[in-house]
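K.L.:
Sharing run.pdb (PDB, C-alpha atoms (C1' of nucleotides)) below.
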MODEL        1
ATOM      1  CA  MET A   1     209.620 102.096 158.604
ATOM      2  CA  VAL A   2     209.463 102.233 162.343
ATOM      3  CA  GLU A   3     207.936 105.319 163.840
ATOM      4  CA  LEU A   4     209.479 105.630 167.283
ATOM      5  CA  GLN A   5     207.396 106.824 170.202
ATOM      6  CA  THR A   6     208.305 109.601 172.576
ATOM      7  CA  HIS A   7     209.761 107.328 175.202
ATOM      8  CA  GLU A   8     211.874 105.387 172.716
ATOM      9  CA  LEU A   9     213.123 108.554 171.068
ATOM     10  CA  ASN A  10     214.126 109.856 174.485
ATOM     11  CA  ALA A  11     216.084 106.690 175.155
ATOM     12  CA  VAL A  12     217.733 106.557 171.742
ATOM     13  CA  PHE A  13     218.785 110.193 171.595
ATOM     14  CA  HIS A  14     219.939 110.069 175.181
ATOM     15  CA  ALA A  15     222.019 107.003 174.409
ATOM     16  CA  LEU A  16     223.550 108.748 171.407
ATOM     17  CA  GLY A  17     224.361 111.817 173.486
ATOM     18  CA  ASP A  18     227.492 110.239 174.918
ATOM     19  CA  ALA A  19     230.688 109.877 172.911
ATOM     20  CA  THR A  20     231.646 106.624 174.611
ATOM     21  CA  ARG A  21     228.392 105.014 173.564
ATOM     22  CA  ARG A  22     228.593 106.391 170.035
ATOM     23  CA  ARG A  23     232.053 104.915 169.741
ATOM     24  CA  MET A  24     230.695 101.574 170.931
ATOM     25  CA  ILE A  25     228.029 101.680 168.249
ATOM     26  CA  ASP A  26     230.724 102.523 165.793
ATOM     27  CA  ASP A  27     232.824  99.579 166.844
ATOM     28  CA  LEU A  28     229.812  97.309 166.608
ATOM     29  CA  ALA A  29     229.132  98.240 162.999
ATOM     30  CA  GLY A  30     228.997  95.006 161.087
ATOM     31  CA  ARG A  31     230.271  92.653 163.749
ATOM     32  CA  GLU A  32     229.720  91.136 167.118
ATOM     33  CA  LEU A  33     231.801  92.156 170.122
ATOM     34  CA  THR A  34     231.993  91.018 173.710
ATOM     35  CA  VAL A  35     231.596  93.329 176.665
ATOM     36  CA  SER A  36     235.335  93.259 177.304
ATOM     37  CA  GLN A  37     236.099  94.008 173.678
ATOM     38  CA  LEU A  38     233.648  96.901 173.752
ATOM     39  CA  ALA A  39     235.231  98.247 176.912
ATOM     40  CA  GLU A  40     238.813  97.854 175.766
ATOM     41  CA  PRO A  41     239.281 101.176 173.894
ATOM     42  CA  PHE A  42     238.261 103.222 176.921
ATOM     43  CA  ALA A  43     240.109 104.200 180.054
ATOM     44  CA  ILE A  44     237.209 103.284 182.288
ATOM     45  CA  SER A  45     236.404 100.330 184.472
ATOM     46  CA  LEU A  46     234.605  97.325 183.095
ATOM     47  CA  ALA A  47     231.691  98.112 185.367
ATOM     48  CA  ALA A  48     231.377 101.576 183.830
ATOM     49  CA  ALA A  49     231.462 100.114 180.331
ATOM     50  CA  SER A  50     228.859  97.603 181.402
ATOM     51  CA  LYS A  51     226.576 100.466 182.394
ATOM     52  CA  HIS A  52     227.032 102.136 179.010
ATOM     53  CA  ILE A  53     226.181  98.880 177.306
ATOM     54  CA  LYS A  54     223.079  98.586 179.411
ATOM     55  CA  VAL A  55     222.006 102.055 178.332
ATOM     56  CA  LEU A  56     222.463 101.092 174.690
ATOM     57  CA  GLU A  57     220.636  97.855 175.275
ATOM     58  CA  SER A  58     217.643  99.401 176.976
ATOM     59  CA  ALA A  59     217.417 101.919 174.155
ATOM     60  CA  GLY A  60     217.097  98.918 171.863
ATOM     61  CA  LEU A  61     220.293  99.842 170.046
ATOM     62  CA  ILE A  62     222.114  96.630 170.740
ATOM     63  CA  ARG A  63     221.107  93.070 171.397
ATOM     64  CA  ARG A  64     222.991  90.779 173.715
ATOM     65  CA  GLU A  65     223.476  87.083 173.389
ATOM     66  CA  VAL A  66     224.998  85.164 176.263
ATOM     67  CA  ARG A  67     227.099  82.197 175.267
ATOM     68  CA  GLY A  68     228.674  80.596 178.253
ATOM     69  CA  ARG A  69     230.210  83.252 180.440
ATOM     70  CA  THR A  70     230.672  85.651 177.553
ATOM     71  CA  HIS A  71     228.147  88.270 176.426
ATOM     72  CA  PHE A  72     228.171  89.014 172.713
ATOM     73  CA  CYS A  73     226.664  92.287 171.554
ATOM     74  CA  ARG A  74     225.507  93.262 168.121
ATOM     75  CA  LEU A  75     224.026  96.387 166.641
ATOM     76  CA  GLU A  76     220.263  96.604 166.360
ATOM     77  CA  PRO A  77     219.748  99.214 163.653
ATOM     78  CA  GLY A  78     215.986  99.720 164.030
ATOM     79  CA  PRO A  79     216.096 102.524 166.596
ATOM     80  CA  LEU A  80     218.836 104.280 164.658
ATOM     81  CA  ALA A  81     216.536 104.212 161.668
ATOM     82  CA  GLY A  82     213.757 105.599 163.843
ATOM     83  CA  ALA A  83     215.969 108.432 165.033
ATOM     84  CA  GLN A  84     216.981 109.231 161.501
ATOM     85  CA  GLN A  85     213.359 109.164 160.495
ATOM     86  CA  TRP A  86     212.533 111.720 163.151
ATOM     87  CA  LEU A  87     215.332 113.912 161.862
ATOM     88  CA  SER A  88     214.171 113.430 158.296
ATOM     89  CA  HIS A  89     211.064 115.460 159.085
ATOM     90  CA  TYR A  90     213.344 118.473 159.111
ATOM     91  CA  GLU A  91     215.388 117.539 156.102
ATOM     92  CA  ARG A  92     213.530 120.036 153.948
ATOM     93  CA  PHE A  93     215.110 122.821 155.973
ATOM     94  CA  TRP A  94     218.569 122.019 154.788
ATOM     95  CA  THR A  95     218.106 120.216 151.494
ATOM     96  CA  GLY A  96     215.699 122.457 149.669
ATOM     97  CA  ARG A  97     215.860 121.132 146.165
ATOM     98  CA  LEU A  98     215.023 117.470 146.570
ATOM     99  CA  ASP A  99     211.353 117.847 147.463
ATOM    100  CA  VAL A 100     209.970 115.405 144.949
ATOM    101  CA  LEU A 101     212.258 112.522 145.706
ATOM    102  CA  GLU A 102     211.799 113.284 149.350
ATOM    103  CA  GLY A 103     208.077 112.791 149.052
ATOM    104  CA  LEU A 104     208.525 109.535 147.223
ATOM    105  CA  LEU A 105     211.050 108.138 149.588
ATOM    106  CA  ARG A 106     209.543 109.005 152.922
ATOM    107  CA  GLU A 107     205.918 108.313 152.306
ATOM    108  CA  GLU A 108     204.843 108.581 155.908
ATOM    109  CA  ASP A 109     205.752 112.220 155.975
ATOM    110  CA  ARG A 110     202.834 113.255 153.849
ATOM    111  CA  GLN A 111     200.651 114.511 156.665
ATOM    112  CA  ALA A 112     203.515 116.231 158.401
ATOM    113  CA  SER A 113     204.812 117.996 155.314
ATOM    114  CA  ALA A 114     201.322 119.264 154.557
ATOM    115  CA  SER A 115     201.418 121.326 157.741
ATOM    116  CA  VAL A 116     204.646 123.187 157.220
ATOM    117  CA  GLU A 117     203.100 126.591 157.046
ATOM    118  CA  THR A 118     199.693 125.819 158.446
ATOM    119  CA  PRO A 119     199.364 125.929 162.193
ATOM    120  CA  ASP A 120     197.577 122.823 163.378
ATOM    121  CA  ALA A 121     196.422 121.197 166.582
ATOM    122  CA  LYS A 122     199.857 120.504 167.973
ATOM    123  CA  SER A 123     201.139 123.993 167.338
ATOM    124  CA  PRO A 124     201.349 126.446 170.185
ATOM    125  CA  THR A 125     198.362 128.661 169.695
ATOM    126  CA  PRO A 126     199.382 132.229 170.424
ATOM    127  CA  LYS A 127     196.180 132.788 172.288
ATOM    128  CA  GLU A 128     197.768 134.428 175.317
ATOM    129  CA  GLY A 129     194.789 134.192 177.612
ATOM    130  CA  ASP A 130     195.660 136.870 180.124
ATOM    131  CA  ASP A 131     192.992 139.483 179.642
ATOM    132  CA  ARG A 132     189.872 137.703 180.737
TER
ATOM    133  CA  MET B   1     227.917 118.981 154.490
ATOM    134  CA  VAL B   2     228.832 119.757 158.054
ATOM    135  CA  GLU B   3     230.716 117.036 159.851
ATOM    136  CA  LEU B   4     229.944 117.625 163.509
ATOM    137  CA  GLN B   5     232.654 117.085 166.098
ATOM    138  CA  THR B   6     232.330 114.990 169.203
ATOM    139  CA  HIS B   7     231.441 117.858 171.443
ATOM    140  CA  GLU B   8     228.774 119.196 169.097
ATOM    141  CA  LEU B   9     227.281 115.762 168.570
ATOM    142  CA  ASN B  10     227.075 115.351 172.320
ATOM    143  CA  ALA B  11     225.233 118.637 172.625
ATOM    144  CA  VAL B  12     222.872 117.989 169.734
ATOM    145  CA  PHE B  13     221.903 114.457 170.716
ATOM    146  CA  HIS B  14     221.573 115.475 174.323
ATOM    147  CA  ALA B  15     219.293 118.327 173.308
ATOM    148  CA  LEU B  16     217.190 115.939 171.229
ATOM    149  CA  GLY B  17     216.943 113.496 174.121
ATOM    150  CA  ASP B  18     214.164 115.444 175.780
ATOM    151  CA  ALA B  19     210.598 115.392 174.500
ATOM    152  CA  THR B  20     209.952 118.975 175.538
ATOM    153  CA  ARG B  21     212.825 120.188 173.428
ATOM    154  CA  ARG B  22     211.894 118.003 170.470
ATOM    155  CA  ARG B  23     208.414 119.455 170.615
ATOM    156  CA  MET B  24     209.890 122.942 170.626
ATOM    157  CA  ILE B  25     211.891 122.114 167.523
ATOM    158  CA  ASP B  26     208.742 120.755 165.998
ATOM    159  CA  ASP B  27     206.842 123.920 166.775
ATOM    160  CA  LEU B  28     209.630 126.012 165.327
ATOM    161  CA  ALA B  29     209.514 124.201 161.997
ATOM    162  CA  GLY B  30     209.112 126.877 159.358
ATOM    163  CA  ARG B  31     208.409 129.818 161.598
ATOM    164  CA  GLU B  32     209.638 132.116 164.248
ATOM    165  CA  LEU B  33     208.290 131.917 167.800
ATOM    166  CA  THR B  34     208.895 133.913 170.947
ATOM    167  CA  VAL B  35     210.043 132.369 174.211
ATOM    168  CA  SER B  36     206.541 132.689 175.653
ATOM    169  CA  GLN B  37     204.990 131.078 172.612
ATOM    170  CA  LEU B  38     207.478 128.230 172.815
ATOM    171  CA  ALA B  39     206.707 127.746 176.495
ATOM    172  CA  GLU B  40     202.937 127.963 176.163
ATOM    173  CA  PRO B  41     202.161 124.295 175.293
ATOM    174  CA  PHE B  42     203.901 122.995 178.400
ATOM    175  CA  ALA B  43     202.828 122.839 182.004
ATOM    176  CA  ILE B  44     206.137 124.212 183.222
ATOM    177  CA  SER B  45     207.329 127.595 184.398
ATOM    178  CA  LEU B  46     208.678 130.131 181.964
ATOM    179  CA  ALA B  47     212.052 129.827 183.647
ATOM    180  CA  ALA B  48     212.116 126.091 182.963
ATOM    181  CA  ALA B  49     211.200 126.665 179.328
ATOM    182  CA  SER B  50     213.893 129.307 179.149
ATOM    183  CA  LYS B  51     216.428 126.702 180.259
ATOM    184  CA  HIS B  52     215.275 124.281 177.585
ATOM    185  CA  ILE B  53     215.624 126.994 174.997
ATOM    186  CA  LYS B  54     219.103 127.733 176.224
ATOM    187  CA  VAL B  55     220.026 124.075 175.799
ATOM    188  CA  LEU B  56     218.740 124.127 172.228
ATOM    189  CA  GLU B  57     220.554 127.368 171.599
ATOM    190  CA  SER B  58     223.892 126.205 172.915
ATOM    191  CA  ALA B  59     223.577 123.076 170.812
ATOM    192  CA  GLY B  60     223.263 125.444 167.853
ATOM    193  CA  LEU B  61     219.789 124.156 167.072
ATOM    194  CA  ILE B  62     218.049 127.486 167.343
ATOM    195  CA  ARG B  63     219.044 131.081 166.857
ATOM    196  CA  ARG B  64     217.652 133.891 168.920
ATOM    197  CA  GLU B  65     216.974 137.435 167.822
ATOM    198  CA  VAL B  66     216.066 140.024 170.417
ATOM    199  CA  ARG B  67     213.687 142.689 169.192
ATOM    200  CA  GLY B  68     212.740 145.033 171.978
ATOM    201  CA  ARG B  69     211.803 143.023 175.019
ATOM    202  CA  THR B  70     210.836 139.994 172.958
ATOM    203  CA  HIS B  71     213.134 137.131 171.995
ATOM    204  CA  PHE B  72     212.319 135.505 168.668
ATOM    205  CA  CYS B  73     213.637 132.000 168.049
ATOM    206  CA  ARG B  74     214.055 130.166 164.803
ATOM    207  CA  LEU B  75     215.268 126.762 163.825
ATOM    208  CA  GLU B  76     218.893 126.393 162.788
ATOM    209  CA  PRO B  77     218.890 123.193 160.752
ATOM    210  CA  GLY B  78     222.645 122.726 160.415
ATOM    211  CA  PRO B  79     223.222 120.633 163.533
ATOM    212  CA  LEU B  80     220.176 118.506 162.734
ATOM    213  CA  ALA B  81     221.755 117.787 159.376
ATOM    214  CA  GLY B  82     224.974 116.925 161.159
ATOM    215  CA  ALA B  83     223.178 114.508 163.454
ATOM    216  CA  GLN B  84     221.445 112.901 160.508
ATOM    217  CA  GLN B  85     224.736 112.625 158.753
ATOM    218  CA  TRP B  86     226.197 110.760 161.688
ATOM    219  CA  LEU B  87     223.251 108.393 161.629
ATOM    220  CA  SER B  88     223.549 107.981 157.877
ATOM    221  CA  HIS B  89     226.806 106.133 158.387
ATOM    222  CA  TYR B  90     224.729 103.245 159.661
ATOM    223  CA  GLU B  91     222.042 103.483 157.044
ATOM    224  CA  ARG B  92     223.389 100.465 155.228
ATOM    225  CA  PHE B  93     222.291  98.333 158.158
ATOM    226  CA  TRP B  94     218.632  98.995 157.678
ATOM    227  CA  THR B  95     218.022 100.214 154.144
ATOM    228  CA  GLY B  96     218.865  97.404 151.776
ATOM    229  CA  ARG B  97     216.265  98.182 149.184
ATOM    230  CA  LEU B  98     216.482 101.956 148.934
ATOM    231  CA  ASP B  99     220.091 102.107 147.875
ATOM    232  CA  VAL B 100     219.487 103.670 144.529
ATOM    233  CA  LEU B 101     217.042 106.350 145.582
ATOM    234  CA  GLU B 102     219.090 107.043 148.641
ATOM    235  CA  GLY B 103     222.144 107.571 146.525
ATOM    236  CA  LEU B 104     220.211 109.975 144.379
ATOM    237  CA  LEU B 105     218.805 111.812 147.336
ATOM    238  CA  ARG B 106     222.039 112.500 149.106
ATOM    239  CA  GLU B 107     223.658 114.011 146.089
ATOM    240  CA  GLU B 108     226.454 115.653 147.967
ATOM    241  CA  ASP B 109     227.865 112.298 148.855
ATOM    242  CA  ARG B 110     228.915 111.826 145.272
ATOM    243  CA  GLN B 111     231.825 114.159 145.810
ATOM    244  CA  ALA B 112     233.313 111.829 148.367
ATOM    245  CA  SER B 113     231.979 108.523 147.167
ATOM    246  CA  ALA B 114     229.277 107.311 144.812
ATOM    247  CA  SER B 115     228.101 104.397 146.876
ATOM    248  CA  VAL B 116     226.156 103.802 150.018
ATOM    249  CA  GLU B 117     227.305 100.235 150.446
ATOM    250  CA  THR B 118     231.030 100.716 150.294
ATOM    251  CA  PRO B 119     232.708 102.041 153.395
ATOM    252  CA  ASP B 120     234.825 104.960 152.342
ATOM    253  CA  ALA B 121     237.415 107.355 153.653
ATOM    254  CA  LYS B 122     235.075 109.510 155.702
ATOM    255  CA  SER B 123     233.376 106.514 157.262
ATOM    256  CA  PRO B 124     233.905 106.479 161.021
ATOM    257  CA  THR B 125     234.518 102.734 161.228
ATOM    258  CA  PRO B 126     238.017 102.445 162.593
ATOM    259  CA  LYS B 127     238.247  98.721 162.332
ATOM    260  CA  GLU B 128     236.217  96.734 159.875
ATOM    261  CA  GLY B 129     235.529  93.159 160.786
ATOM    262  CA  ASP B 130     233.777  91.745 157.770
ATOM    263  CA  ASP B 131     232.690  88.560 159.436
ATOM    264  CA  ARG B 132     229.017  89.392 159.898
TER
ATOM    265  C1'  DA C   1     237.687  70.966 193.902
ATOM    266  C1'  DA C   2     240.078  75.058 193.210
ATOM    267  C1'  DA C   3     241.398  78.694 190.486
ATOM    268  C1'  DT C   4     240.467  81.830 186.883
ATOM    269  C1'  DC C   5     237.787  84.362 183.700
ATOM    270  C1'  DA C   6     233.649  87.402 182.061
ATOM    271  C1'  DT C   7     230.496  90.078 183.758
ATOM    272  C1'  DT C   8     227.198  92.129 186.863
ATOM    273  C1'  DC C   9     225.708  94.070 191.295
ATOM    274  C1'  DA C  10     225.725  97.215 195.246
ATOM    275  C1'  DA C  11     227.208 101.076 197.530
ATOM    276  C1'  DC C  12     229.078 105.294 197.129
ATOM    277  C1'  DC C  13     230.467 110.003 195.153
ATOM    278  C1'  DA C  14     230.596 114.407 192.530
ATOM    279  C1'  DG C  15     228.457 116.727 188.884
ATOM    280  C1'  DT C  16     224.442 117.538 185.883
ATOM    281  C1'  DT C  17     219.521 117.823 184.870
ATOM    282  C1'  DG C  18     214.929 119.496 185.013
ATOM    283  C1'  DG C  19     212.045 121.558 187.803
ATOM    284  C1'  DT C  20     210.532 125.222 191.264
ATOM    285  C1'  DT C  21     210.183 130.131 193.315
ATOM    286  C1'  DG C  22     211.225 134.968 193.938
ATOM    287  C1'  DA C  23     213.888 138.833 192.573
ATOM    288  C1'  DC C  24     215.765 141.546 188.842
ATOM    289  C1'  DA C  25     216.643 144.001 184.293
ATOM    290  C1'  DG C  26     214.972 146.008 180.090
ATOM    291  C1'  DT C  27     211.231 147.460 177.134
ATOM    292  C1'  DG C  28     206.721 149.244 176.093
ATOM    293  C1'  DT C  29     202.634 151.971 177.382
ATOM    294  C1'  DG C  30     199.084 154.804 179.999
TER
ATOM    295  C1'  DC D   1     206.739 158.760 185.831
ATOM    296  C1'  DA D   2     204.470 154.514 187.160
ATOM    297  C1'  DC D   3     203.057 150.284 185.707
ATOM    298  C1'  DA D   4     202.799 146.100 183.094
ATOM    299  C1'  DC D   5     205.206 142.792 180.213
ATOM    300  C1'  DT D   6     209.047 139.551 178.487
ATOM    301  C1'  DG D   7     212.511 137.065 179.796
ATOM    302  C1'  DT D   8     216.647 135.867 182.597
ATOM    303  C1'  DC D   9     219.089 135.022 186.943
ATOM    304  C1'  DA D  10     220.020 132.933 191.447
ATOM    305  C1'  DA D  11     219.183 129.774 194.849
ATOM    306  C1'  DC D  12     217.387 125.658 195.909
ATOM    307  C1'  DC D  13     215.762 120.662 195.422
ATOM    308  C1'  DA D  14     215.149 115.732 194.010
ATOM    309  C1'  DA D  15     216.462 112.644 190.605
ATOM    310  C1'  DC D  16     219.691 110.981 187.387
ATOM    311  C1'  DT D  17     224.477 110.333 185.291
ATOM    312  C1'  DG D  18     228.959 108.564 184.833
ATOM    313  C1'  DG D  19     232.406 107.142 187.301
ATOM    314  C1'  DT D  20     234.733 104.393 191.148
ATOM    315  C1'  DT D  21     235.695 100.081 194.188
ATOM    316  C1'  DG D  22     234.891  95.613 196.149
ATOM    317  C1'  DA D  23     232.085  91.646 196.454
ATOM    318  C1'  DA D  24     229.192  88.257 194.065
ATOM    319  C1'  DT D  25     227.605  85.110 190.253
ATOM    320  C1'  DG D  26     228.409  81.704 186.763
ATOM    321  C1'  DA D  27     231.186  79.318 183.428
ATOM    322  C1'  DT D  28     235.440  77.417 182.055
ATOM    323  C1'  DT D  29     240.009  75.402 182.987
ATOM    324  C1'  DT D  30     243.379  72.937 185.470
TER
ENDMDL
END
Here is the file; what I need is its structure written in the form of structure tokens.

P.N.:
Amino acid sequence: MVELQTHELNAVFHALGDATRRRMIDDLAGRELTVSQLAEPFAISLAAASKHIKVLESAGLIRREVRGRTHFCRLEPGPLAGAQQWLSHYERFWTGRLDVLEGLLREEDRQASASVETPDAKSPTPKEGDDR
Amino acid sequence: MVELQTHELNAVFHALGDATRRRMIDDLAGRELTVSQLAEPFAISLAAASKHIKVLESAGLIRREVRGRTHFCRLEPGPLAGAQQWLSHYERFWTGRLDVLEGLLREEDRQASASVETPDAKSPTPKEGDDR
DNA sequence: AAATCATTCAACCAGTTGGTTGACAGTGTG
DNA sequence: CACACTGTCAACCAACTGGTTGAATGATTT
């Protein structure tokens, strides 16, 4: 599965942080839509919708295919999967009882789940260097 | 499971759209940290870190407990689960082979529907074009 | 060729974001 | 009490966001 990098995660989560864009993703589920069709449900200008689409596109969430004068957009699920994968690191905090299956399913998590309790390199060391 | 509303989803995804805040969530996994400890890994002022923490807090992602002059923060996984749940609506676009395990893993879904493939009542898709 | 359609671009605007600094409010401690 | 410590607040700033409008670019239609 795709492990998204910092920059991509920024872009994806930022793109998802707007209800208009989430609705667009929703509308794109399972089908192709044109820019005008994507814009239609909203009370905003086409130019504004175009900007939203560009945000989604540059986050890798949609792909655009230009046929003639019309731009067809379709969902690109990879980054959504990456976002969900990031979230899945914290699944154990709300599931609780599914540990075993969890380990089987999300194999990449092995190193991360090993350091739940153990502070490691990336943890903020409470060293408080103020009394030197 | 918690179905987040538009406003909450906005807040949660927006909060996750910043690497500093994601790192804070990461550092909070499984333990309690003070504001200073949360701020320590970053080359920013304490005031800036305090703002980040406030963003996380108002998205419901962390809870703060004031003991004396110290503020202890801990992860509040609910909204993360809500965000993952939103993403899970699109899981069928990238999973394909994990249907069975996935179905087992998200046991709660059985109440509403037993299948990952079939769009059901709580699915957000308002219009289903099955032409893909 | 001219008109129309789908879409973007450019300029602009108000509001938000992420950062800074310095002052302030509580809490602990000598 | 006086001082140090933890953290927020207020003011400020540059950059970005989400929206607008009007002009521009290409592709289709008549």

K.L.:
What is the distance between CA of Ile62 (chain B) and CA of Glu32 (chain B), in Å to one decimal?

P.N.:
10.1 Å

K.L.:
With chain B as the partner and 12 Å as the cut-off, tabulate the residues of chain C that qualify, each row holding the nearest pair of atoms and their distance in Å to one decimal, using only C-alpha atoms (C1' of nucleotides), sorted by chain and rising number, as a Markdown table.

P.N.:
| residue | atom | partner | partner_atom | distance |
| --- | --- | --- | --- | --- |
| C:DT17 | C1' | B:Lys51 | CA | 10.5 |
| C:DG18 | C1' | B:Ala48 | CA | 7.5 |
| C:DG19 | C1' | B:Ala48 | CA | 6.6 |
| C:DT20 | C1' | B:Ser45 | CA | 7.9 |
| C:DT21 | C1' | B:Ser45 | CA | 9.7 |
| C:DG22 | C1' | B:Ala47 | CA | 11.5 |
| C:DA25 | C1' | B:Arg69 | CA | 10.5 |
| C:DG26 | C1' | B:Arg69 | CA | 6.7 |
| C:DT27 | C1' | B:Arg69 | CA | 4.9 |
| C:DG28 | C1' | B:Arg69 | CA | 8.1 |

K.L.:
Using the chain letters and residue numbers of this document, give as a list in words the residues selected by the PyMOL selection byres ((chain B) within 6 of (chain A)).

P.N.:
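This file gives the following for the PyMOL selection byres ((chain B) within 6 of (chain A)): Asn10, Phe13, His14, Leu16, Gly17, Asp18, Asp27, Pro41, Gln84, Thr125 and Arg132 of chain B.
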
K.L.:
For chain A, work out the contacting residues on chain D at 12 Å, counting all atoms listed in the file, and write them as a count of residues only.

P.N.:
11

K.L.:
If you apply the PyMOL selection byres ((chain C and resi 10) around 10) to this file, what residues do you get, as a ChimeraX atom specification?

P.N.:
/C:8-9,11-12 /D:22-24

K.L.:
Go ahead and compute the interatomic distance for CA of Ser36 (chain B) and CA of Leu4 (chain A), in Å to one decimal.

P.N.:
28.5 Å

K.L.:
Is it possible to get the axis-aligned box enclosing region 73-76 of chain A (all listed atoms, 8 Å extra per side) as JSON, with centre and edge lengths in Å rounded to one decimal?

P.N.:
{"center_x": 223.5, "center_y": 94.4, "center_z": 169.0, "size_x": 22.4, "size_y": 20.3, "size_z": 21.2}

K.L.:
Quote the spacing between CA of Val35 (chain B) and C1' of DT16 (chain C) in Å to one decimal place.

P.N.:
23.7 Å

K.L.:
For the PyMOL selection byres ((chain A and resi 72) around 6), applied here, can you spell out every residue it catches as a short mmCIF file (atom, residue, chain, number, x, y, z; two decimals) with C-alpha atoms, in the coordinates of the input?

P.N.:
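Ended up saving to selection_1.cif:
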data_model
loop_
_atom_site.label_atom_id
_atom_site.label_comp_id
_atom_site.auth_asym_id
_atom_site.auth_seq_id
_atom_site.Cartn_x
_atom_site.Cartn_y
_atom_site.Cartn_z
CA LEU A 33 231.80 92.16 170.12
CA THR A 34 231.99 91.02 173.71
CA ARG A 64 222.99 90.78 173.72
CA GLU A 65 223.48 87.08 173.39
CA HIS A 71 228.15 88.27 176.43
CA CYS A 73 226.66 92.29 171.55
#
